[in-house]
Amino acid sequence: MLLIVAHHFVVNSGVMGQMDGNPSSWRSIALYLEGAWGKTGINCFVLITGWFMCKSHITLRKFLKLFLQVEFYNIICTASFWLTGYHDYTFRELVFVLWPIGSISHDFVSCYLIFFLFIPFLNILVQHMTRHQHLLLMMLCLGAYTVLGSVPIIGLEYNYVTWFCILYIISSWLRLYDFPHKNDVRFWAWAMVVSVFFAVCSILAIALFIDNDDYKLTPMGLLNDSHKFFAVLAGVTSFMLFVNIRMPRSRFINSVAASTFGVLLIHANSDVMRQWLWQNVCDVAGHYNSENLLFYMLLVPITVFTACILIDHIRRRFLEEPVLDWIEGKIRNYK
């Protein structure tokens, strides 16, 4: 999630125009390297979902927990900007505050909610295929969406719901079957290092040596969407590395992890939030020529991440459990 925040620091702040205008400068390269990993983070987030849910099932409480969290931040963020006079909302915008599905395309939250409802049917699929069929389906999906989809001259139209289902097929195969080096932490550590190294090389090579006026190959071109080659490779290898790292149970890590989705819902809540946070408050584009750019580009994402974690921790502690218990009690009484 911190990688996703850093990605939004770059791509939602208006600084991309300055970067693309001078891609070979050290400032642009530093920002490309910071902002390139957001889609890798999204892949990891959905792989985690598939890893656990392929051997579990959706309950009403799980879906309500997800849905109410989305609605809570939609209402709070909208009310904050409206009451402070920062933005005058149209009737259509206010309707979409209560209707959580804004776009079944590249809007992560909308697509994740719909994808979540696909999980019971995906489980029927992955649990009744043979290992060989599952492997062939995974290879077909990766071949069509990642191998061919990473070639700049080949067009690919897709949405996150479709891609999340493909990631579910991948993560469920990784969970359900044994294969060479599955539990080898050293193998996955090296695999992650190699994949990240070549991803960085692709960014540097395109930024420094390729002049592409038709904009079909940008420095982050092999990482700038979730289906792209290095976003998938780095996502899977880093995910498998952390699956195999054995560490003692940590109350702190679990507490932070429980609020990571809240980080996304707060800092990427809407276009209004993106403008207020990255362009007005942080003024990332205005710091492009700053002598302290490197310090600033590290400090701001960490600060935003930490602040959002604290906000969501308060919500979970004082609102989430009491509200869910109350709703479930009403449902039981109705039955």
# chains A, B, ... in the order shown; residues from 1 in each chain; ligands from 1
>>> residues_around(residues="Phe295 in chain A", least_positions_apart="6", cutoff="12 Å", atoms="only C-alpha atoms", output="PDB file with N, CA and C atoms, in the first residue's frame")
ATOM      1  N   ARG A  27      16.008  14.179 -11.842  1.00  0.00           N
ATOM      2  CA  ARG A  27      14.768  14.392 -11.111  1.00  0.00           C
ATOM      3  C   ARG A  27      13.646  13.512 -11.661  1.00  0.00           C
ATOM      4  N   ALA A  30      14.348   9.799 -10.875  1.00  0.00           N
ATOM      5  CA  ALA A  30      14.057   9.489  -9.474  1.00  0.00           C
ATOM      6  C   ALA A  30      12.556   9.332  -9.250  1.00  0.00           C
ATOM      7  N   LEU A  31      11.766  10.203  -9.866  1.00  0.00           N
ATOM      8  CA  LEU A  31      10.310  10.124  -9.708  1.00  0.00           C
ATOM      9  C   LEU A  31       9.733   8.932 -10.462  1.00  0.00           C
ATOM     10  N   HIS A 287       7.485  21.232  -6.366  1.00  0.00           N
ATOM     11  CA  HIS A 287       8.753  20.823  -5.745  1.00  0.00           C
ATOM     12  C   HIS A 287       9.668  20.090  -6.726  1.00  0.00           C
ATOM     13  N   TYR A 288       9.275  20.037  -7.997  1.00  0.00           N
ATOM     14  CA  TYR A 288      10.075  19.301  -8.973  1.00  0.00           C
ATOM     15  C   TYR A 288      11.502  19.846  -9.049  1.00  0.00           C
ATOM     16  N   PRO A 301       4.999  10.524   0.926  1.00  0.00           N
ATOM     17  CA  PRO A 301       4.221   9.268   0.920  1.00  0.00           C
ATOM     18  C   PRO A 301       4.179   8.572   2.273  1.00  0.00           C
ATOM     19  N   ILE A 302       5.301   8.573   3.000  1.00  0.00           N
ATOM     20  CA  ILE A 302       5.328   7.938   4.320  1.00  0.00           C
ATOM     21  C   ILE A 302       4.397   8.670   5.280  1.00  0.00           C
TER      22      ILE A 302
END
>>> residues_around(residues="Phe108 in chain A", least_positions_apart="2", cutoff="12 Å", atoms="only C-alpha atoms", output="PyMOL selection string")
chain A and resi 4+38-39+41-43+45-46+70+100-106+110-116+159-164+225-226+261+264-265+268-270
>>> atom_distance(atom1="CA of Pro219 in chain A", atom2="CA of Phe187 in chain A")
28.2 Å
>>> residues_around(residues="His227 in chain A", least_positions_apart="4", cutoff="7 Å", atoms="only C-alpha atoms", output="list of chain:residue names")
A:Tyr145, A:Thr146, A:Ala231, A:Val232
>>> write_last_selection(atoms="N, CA and C atoms", output="PDB file, in the first residue's frame")
ATOM      1  N   TYR A 145      -2.959 -11.582 -21.659  1.00  0.00           N
ATOM      2  CA  TYR A 145      -3.040 -10.278 -21.004  1.00  0.00           C
ATOM      3  C   TYR A 145      -1.676  -9.680 -20.672  1.00  0.00           C
ATOM      4  N   THR A 146      -0.694 -10.516 -20.339  1.00  0.00           N
ATOM      5  CA  THR A 146       0.596  -9.988 -19.890  1.00  0.00           C
ATOM      6  C   THR A 146       1.647 -10.028 -20.992  1.00  0.00           C
ATOM      7  N   ALA A 231       5.158  -5.598 -13.799  1.00  0.00           N
ATOM      8  CA  ALA A 231       4.236  -5.436 -12.676  1.00  0.00           C
ATOM      9  C   ALA A 231       3.767  -6.796 -12.173  1.00  0.00           C
ATOM     10  N   VAL A 232       3.540  -7.726 -13.101  1.00  0.00           N
ATOM     11  CA  VAL A 232       3.126  -9.081 -12.723  1.00  0.00           C
ATOM     12  C   VAL A 232       4.300  -9.848 -12.118  1.00  0.00           C
TER      13      VAL A 232
END
>>> residues_around(residues="Leu208 in chain A", least_positions_apart="2", cutoff="8 Å", atoms="only C-alpha atoms", output="CSV table (one decimal) with N, CA and C atoms, in the first residue's frame")
chain,number,residue,atom,x,y,z
A,23,PRO,N,12.7,13.5,-19.7
A,23,PRO,CA,12.7,12.2,-19.0
A,23,PRO,C,14.1,11.7,-18.6
A,24,SER,N,15.1,12.3,-19.2
A,24,SER,CA,16.5,11.8,-18.8
A,24,SER,C,17.1,12.6,-17.7
A,204,LEU,N,15.2,2.8,-16.8
A,204,LEU,CA,16.3,3.6,-17.2
A,204,LEU,C,16.6,3.6,-18.7
A,205,ALA,N,16.4,2.5,-19.3
A,205,ALA,CA,16.7,2.3,-20.8
A,205,ALA,C,15.8,3.2,-21.6
A,206,ILE,N,14.5,3.2,-21.2
A,206,ILE,CA,13.5,3.9,-22.0
A,206,ILE,C,13.7,5.4,-21.7
A,210,ILE,N,15.4,6.0,-25.4
A,210,ILE,CA,14.4,5.9,-26.3
A,210,ILE,C,13.6,7.2,-26.5
>>> decode(residues="range 283-307 of chain A", atoms="C-alpha atoms", output="mmCIF file, in the first residue's frame")
data_model
loop_
_atom_site.group_PDB
_atom_site.id
_atom_site.type_symbol
_atom_site.label_atom_id
_atom_site.label_comp_id
_atom_site.auth_asym_id
_atom_site.auth_seq_id
_atom_site.Cartn_x
_atom_site.Cartn_y
_atom_site.Cartn_z
ATOM 1 C CA ASP A 283 2.266 20.691 -4.350
ATOM 2 C CA VAL A 284 4.393 17.918 -5.813
ATOM 3 C CA ALA A 285 4.778 19.639 -9.186
ATOM 4 C CA GLY A 286 5.970 22.781 -7.430
ATOM 5 C CA HIS A 287 8.753 20.823 -5.745
ATOM 6 C CA TYR A 288 10.075 19.301 -8.973
ATOM 7 C CA ASN A 289 12.982 21.754 -9.112
ATOM 8 C CA SER A 290 13.528 21.838 -5.363
ATOM 9 C CA GLU A 291 16.952 21.066 -3.943
ATOM 10 C CA ASN A 292 15.205 18.824 -1.394
ATOM 11 C CA LEU A 293 13.255 16.779 -3.939
ATOM 12 C CA LEU A 294 14.714 13.412 -2.885
ATOM 13 C CA PHE A 295 13.900 14.043 0.774
ATOM 14 C CA TYR A 296 10.442 15.363 -0.107
ATOM 15 C CA MET A 297 9.493 12.424 -2.318
ATOM 16 C CA LEU A 298 10.303 10.020 0.521
ATOM 17 C CA LEU A 299 8.783 12.033 3.356
ATOM 18 C CA VAL A 300 5.396 12.819 1.822
ATOM 19 C CA PRO A 301 4.221 9.268 0.920
ATOM 20 C CA ILE A 302 5.328 7.938 4.320
ATOM 21 C CA THR A 303 3.511 10.794 6.082
ATOM 22 C CA VAL A 304 0.310 10.281 4.067
ATOM 23 C CA PHE A 305 0.448 6.529 4.655
ATOM 24 C CA THR A 306 0.967 6.941 8.397
ATOM 25 C CA ALA A 307 -1.796 9.538 8.787
#
